[in-house]
$ cat protein.txt   # compact mmCIF, C-alpha atoms
# COMPACT_ATOMS: atom_id res chain seq x y z
CA GLY A 794 19.26 4.33 5.97
CA ALA A 795 16.52 6.62 7.15
CA GLY A 796 13.80 5.03 5.06
CA VAL A 797 13.05 2.37 2.47
CA SER A 798 15.06 3.06 -0.66
CA GLN A 799 14.13 1.77 -4.10
CA THR A 800 16.26 1.92 -7.21
CA PRO A 801 15.95 2.90 -9.92
CA SER A 802 13.15 5.40 -9.46
CA ASN A 803 12.25 5.05 -13.13
CA LYS A 804 12.94 2.26 -15.57
CA VAL A 805 11.99 2.12 -19.24
CA THR A 806 12.55 -1.18 -20.97
CA GLU A 807 11.61 -2.84 -24.20
CA LYS A 808 9.08 -5.62 -24.37
CA GLY A 809 10.75 -8.96 -23.89
CA LYS A 810 13.70 -7.66 -21.85
CA TYR A 811 14.69 -8.67 -18.33
CA VAL A 812 14.60 -6.14 -15.47
CA GLU A 813 15.69 -6.06 -11.85
CA LEU A 814 14.23 -3.72 -9.28
CA ARG A 815 16.03 -3.19 -5.98
CA CYS A 816 14.74 -2.48 -2.51
CA ASP A 817 16.83 -1.44 0.50
CA PRO A 818 14.65 -1.80 3.59
CA ILE A 819 15.05 0.04 6.86
CA SER A 820 17.97 -1.45 8.76
CA GLY A 821 16.83 -4.17 11.15
CA HIS A 822 13.44 -4.71 9.55
CA THR A 823 12.91 -8.43 9.11
CA ALA A 824 9.71 -8.25 7.07
CA LEU A 825 9.78 -7.02 3.47
CA TYR A 826 6.92 -6.70 1.00
CA TRP A 827 6.60 -6.04 -2.70
CA TYR A 828 3.46 -4.48 -4.14
CA ARG A 829 2.49 -3.40 -7.64
CA GLN A 830 0.36 -0.33 -8.26
CA SER A 831 -1.21 0.19 -11.64
CA LEU A 832 -2.49 3.60 -12.67
CA GLY A 833 -5.61 4.57 -10.77
CA GLN A 834 -5.60 1.49 -8.57
CA GLY A 835 -4.56 0.52 -5.10
CA PRO A 836 -1.36 -1.42 -4.44
CA GLU A 837 -1.64 -5.13 -5.16
CA PHE A 838 0.34 -7.62 -3.07
CA LEU A 839 3.09 -9.59 -4.81
CA ILE A 840 5.34 -11.24 -2.24
CA TYR A 841 6.29 -11.09 1.43
CA PHE A 842 9.65 -12.04 2.96
CA GLN A 843 10.34 -12.90 6.56
CA GLY A 844 14.12 -12.77 6.81
CA THR A 845 15.63 -14.53 3.80
CA GLY A 846 12.67 -16.70 2.92
CA ALA A 847 9.53 -15.90 0.99
CA ALA A 848 6.76 -16.43 3.51
CA ASP A 849 4.04 -15.76 0.97
CA ASP A 850 4.51 -15.45 -2.79
CA SER A 851 0.88 -16.00 -3.71
CA GLY A 852 0.60 -12.56 -5.31
CA LEU A 853 3.21 -13.11 -8.01
CA PRO A 854 1.16 -13.09 -11.22
CA ASN A 855 3.12 -15.77 -13.12
CA ASP A 856 6.50 -17.44 -13.36
CA ARG A 857 8.08 -14.46 -15.11
CA PHE A 858 8.19 -12.76 -11.72
CA PHE A 859 10.69 -13.76 -9.08
CA ALA A 860 12.12 -12.10 -5.98
CA VAL A 861 15.07 -12.82 -3.72
CA ARG A 862 16.40 -11.59 -0.43
CA PRO A 863 19.59 -13.64 0.04
CA GLU A 864 20.95 -11.96 3.17
CA GLY A 865 17.72 -10.90 4.77
CA SER A 866 18.11 -7.22 3.96
CA VAL A 867 18.21 -6.00 0.34
CA SER A 868 15.66 -7.56 -1.99
CA THR A 869 15.55 -7.74 -5.77
CA LEU A 870 12.38 -8.22 -7.80
CA LYS A 871 13.17 -9.80 -11.15
CA ILE A 872 10.89 -9.77 -14.16
CA GLN A 873 11.70 -11.86 -17.22
CA ARG A 874 10.37 -11.34 -20.75
CA THR A 875 8.63 -8.13 -19.76
CA GLU A 876 5.25 -7.34 -21.25
CA ARG A 877 3.49 -4.00 -21.68
CA GLY A 878 1.02 -5.07 -19.01
CA ASP A 879 3.85 -5.16 -16.48
CA SER A 880 4.03 -1.36 -16.61
CA ALA A 881 3.25 -0.08 -13.13
CA VAL A 882 4.81 1.39 -10.02
CA TYR A 883 6.47 -1.32 -7.95
CA LEU A 884 6.42 -0.51 -4.25
CA CYS A 885 8.52 -2.04 -1.53
CA ALA A 886 7.76 -1.87 2.19
CA SER A 887 9.47 -3.11 5.32
CA SER A 888 8.51 -3.57 8.93
CA LEU A 889 9.60 -5.14 12.16
CA THR A 890 7.97 -8.53 12.62
CA GLY A 891 4.74 -8.16 14.51
CA SER A 892 4.69 -4.40 14.07
CA THR A 893 1.49 -2.69 13.01
CA GLU A 894 3.37 -0.25 10.78
CA ALA A 895 4.95 -0.91 7.41
CA PHE A 896 7.11 1.77 5.82
CA PHE A 897 6.89 2.19 2.06
CA GLY A 898 9.52 3.31 -0.39
CA GLN A 899 8.91 5.83 -3.17
CA GLY A 900 8.52 3.06 -5.71
CA THR A 901 10.05 2.21 -9.06
CA ARG A 902 8.01 3.27 -12.06
CA LEU A 903 8.45 0.58 -14.71
CA THR A 904 7.43 1.34 -18.27
CA VAL A 905 7.55 -1.41 -20.85
CA VAL A 906 7.48 -0.10 -24.43
CA GLY B 1266 -11.90 -13.68 -1.31
CA GLU B 1267 -10.98 -10.43 0.29
CA ASP B 1268 -12.10 -7.17 -1.25
CA VAL B 1269 -11.88 -3.58 -0.08
CA GLU B 1270 -14.11 -0.94 -1.62
CA GLN B 1271 -13.98 2.83 -1.50
CA SER B 1272 -15.63 5.65 -3.38
CA LEU B 1273 -13.12 7.02 -5.87
CA PHE B 1274 -13.52 10.79 -5.47
CA LEU B 1275 -14.37 13.33 -2.78
CA SER B 1276 -14.30 17.14 -2.97
CA VAL B 1277 -14.58 19.40 0.05
CA ARG B 1278 -14.07 23.06 0.84
CA GLU B 1279 -11.08 24.12 2.88
CA GLY B 1280 -12.01 24.19 6.55
CA ASP B 1281 -14.83 21.65 6.18
CA SER B 1282 -14.67 18.08 7.45
CA SER B 1283 -13.95 15.23 5.05
CA VAL B 1284 -15.34 11.76 5.52
CA ILE B 1285 -13.85 8.92 3.51
CA ASN B 1286 -15.64 5.59 3.66
CA CYS B 1287 -14.46 2.04 3.13
CA THR B 1288 -16.03 -1.41 3.24
CA TYR B 1289 -14.04 -4.58 3.64
CA THR B 1290 -14.87 -8.26 3.57
CA ASP B 1291 -12.55 -10.15 5.88
CA SER B 1292 -13.66 -10.09 9.49
CA SER B 1293 -10.44 -11.75 10.64
CA SER B 1294 -8.30 -8.67 10.01
CA THR B 1295 -6.63 -7.71 13.27
CA TYR B 1296 -5.92 -4.17 12.19
CA LEU B 1297 -7.42 -1.83 9.63
CA TYR B 1298 -5.38 1.00 8.18
CA TRP B 1299 -5.56 4.32 6.42
CA TYR B 1300 -2.67 5.30 4.16
CA LYS B 1301 -2.13 8.58 2.32
CA GLN B 1302 -0.41 8.92 -1.04
CA GLU B 1303 0.61 12.28 -2.41
CA PRO B 1304 1.49 12.69 -6.12
CA GLY B 1305 4.70 10.88 -7.01
CA ALA B 1306 5.24 9.69 -3.46
CA GLY B 1307 5.07 6.42 -1.61
CA LEU B 1308 2.41 5.46 0.88
CA GLN B 1309 2.39 7.13 4.26
CA LEU B 1310 0.65 5.50 7.21
CA LEU B 1311 -1.91 7.92 8.63
CA THR B 1312 -3.52 5.83 11.32
CA TYR B 1313 -4.76 2.36 12.12
CA ILE B 1314 -7.37 0.85 14.37
CA PHE B 1315 -7.42 -2.44 16.22
CA SER B 1316 -10.38 -4.56 15.24
CA ASN B 1317 -11.85 -4.67 18.75
CA MET B 1318 -12.11 -0.87 18.90
CA ASP B 1319 -14.90 1.19 17.41
CA MET B 1320 -13.26 4.60 17.41
CA LYS B 1321 -9.81 6.11 17.43
CA GLN B 1322 -8.95 9.79 17.45
CA ASP B 1323 -5.58 11.25 16.55
CA GLN B 1324 -5.47 15.04 16.30
CA ARG B 1325 -7.57 15.99 13.24
CA LEU B 1326 -8.20 12.35 12.32
CA THR B 1327 -11.05 10.22 13.62
CA VAL B 1328 -11.43 6.59 12.59
CA LEU B 1329 -14.77 4.85 13.08
CA LEU B 1330 -15.11 1.09 12.76
CA ASN B 1331 -18.42 -0.75 12.46
CA LYS B 1332 -17.31 -4.35 12.61
CA LYS B 1333 -20.82 -5.75 12.15
CA ASP B 1334 -21.21 -3.95 8.82
CA LYS B 1335 -17.48 -4.19 7.96
CA HIS B 1336 -17.43 -0.44 7.46
CA LEU B 1337 -14.49 1.84 8.20
CA SER B 1338 -14.42 5.62 7.89
CA LEU B 1339 -11.81 8.32 8.18
CA ARG B 1340 -12.87 11.80 9.18
CA ILE B 1341 -10.47 14.70 8.68
CA ALA B 1342 -11.47 17.79 10.63
CA ASP B 1343 -10.70 21.29 9.32
CA THR B 1344 -9.50 19.95 5.97
CA GLN B 1345 -6.57 21.85 4.47
CA THR B 1346 -5.22 22.05 0.93
CA GLY B 1347 -2.27 19.98 2.09
CA ASP B 1348 -4.69 17.13 2.76
CA SER B 1349 -5.31 16.76 -0.99
CA ALA B 1350 -4.10 13.26 -1.82
CA ILE B 1351 -5.31 9.71 -2.41
CA TYR B 1352 -6.40 7.86 0.71
CA PHE B 1353 -6.23 4.09 0.84
CA CYS B 1354 -8.06 1.85 3.23
CA ALA B 1355 -6.33 -1.49 3.91
CA GLU B 1356 -7.09 -4.68 5.78
CA THR B 1357 -4.78 -7.47 6.87
CA PRO B 1358 -6.65 -10.73 6.37
CA TYR B 1359 -3.51 -12.83 6.67
CA GLY B 1360 -2.02 -10.94 9.58
CA GLN B 1361 0.86 -9.39 7.68
CA ASN B 1362 -0.02 -8.67 4.06
CA PHE B 1363 -2.10 -5.65 3.24
CA VAL B 1364 -5.12 -5.74 0.96
CA PHE B 1365 -5.72 -2.21 -0.27
CA GLY B 1366 -8.80 -0.53 -1.61
CA PRO B 1367 -8.71 1.41 -4.88
CA GLY B 1368 -8.16 4.71 -3.09
CA THR B 1369 -10.26 7.84 -2.67
CA ARG B 1370 -8.91 10.98 -4.32
CA LEU B 1371 -9.59 13.89 -1.99
CA SER B 1372 -9.64 17.34 -3.56
CA VAL B 1373 -9.70 20.33 -1.23
CA LEU B 1374 -11.11 23.46 -2.80
CA PRO B 1375 -10.09 26.91 -1.54

$ encode --input "protein.txt" --output "structure tokens"
Amino acid sequence: GAGVSQTPSNKVTEKGKYVELRCDPISGHTALYWYRQSLGQGPEFLIYFQGTGAADDSGLPNDRFFAVRPEGSVSTLKIQRTERGDSAVYLCASSLTGSTEAFFGQGTRLTVV
Amino acid sequence: GEDVEQSLFLSVREGDSSVINCTYTDSSSTYLYWYKQEPGAGLQLLTYIFSNMDMKQDQRLTVLLNKKDKHLSLRIADTQTGDSAIYFCAETPYGQNFVFGPGTRLSVLP
């Protein structure tokens, strides 16, 4: 596609439920990043993929968060037993390896009620 | 650890210059970035500077880097109402992952 696509754009879920957030990167981009942006703050790094493997998952806050990228393109961020504190905008970005520029999607706004 | 700081708000009159400042902590960052975020939108890369440069100009944008003081600034000349947005400074201490500041909300007054 023309840009990074994230679905859904909005997700409301109940506390304790499981959610999946999807990211379609720009075709051919080998690097993929997930960030979380809470209200009034800058994006906070979660995880970085190089191809199919997670090159750095040090930003995942706890073991309720998990992300996959099985074929090296689409990625899914999975959150188990959601908590109200998980409410944020989840941003995905992709880039060519070694490129200085990462392209961001519009984000998924997750609200846990 | 790494930390990026920015002032949170800036107001300027249309046609004036805006200067947004940022301080960062990790001197190993190869590149330093400025991103723009408009309401309800994702992040848009505005410009970046290589760490061995001290200035970069790109149309109305001028980036100044003081590596000794770990200070980065973004100057927007002839600021327009369309420049109203949140501006994020970011460093790349690990080469790939971005560490963002809290963002500076720029308001352009007519």

$ interface_residues --input "protein.txt" --of "chain A" --to "chain B" --cutoff "6 Å" --atoms "only C-alpha atoms" --output "number ranges by chain"
A: 834-835, 897-899

$ atom_distance --input "protein.txt" --atom1 "atom CA of B:Leu1329" --atom2 "atom CA of B:Glu1279"
22.1 Å

$ atom_distance --input "protein.txt" --atom1 "atom CA of B:Val1284" --atom2 "atom CA of B:Leu1326"
9.9 Å

$ residues_around --input "protein.txt" --residues "A:Gly796" --least-positions-apart "2" --cutoff "12 Å" --atoms "all atoms listed in the file" --output "count of residues only"
21

$ atom_distance --input "protein.txt" --atom1 "atom CA of A:Asp879" --atom2 "atom CA of A:Gly852"
13.8 Å

$ closest_residue --input "protein.txt" --among "B:Lys1332, B:Val1277, B:Ser1349, B:Leu1371" --to "B:Asn1317" --atoms "only C-alpha atoms"
B:Lys1332
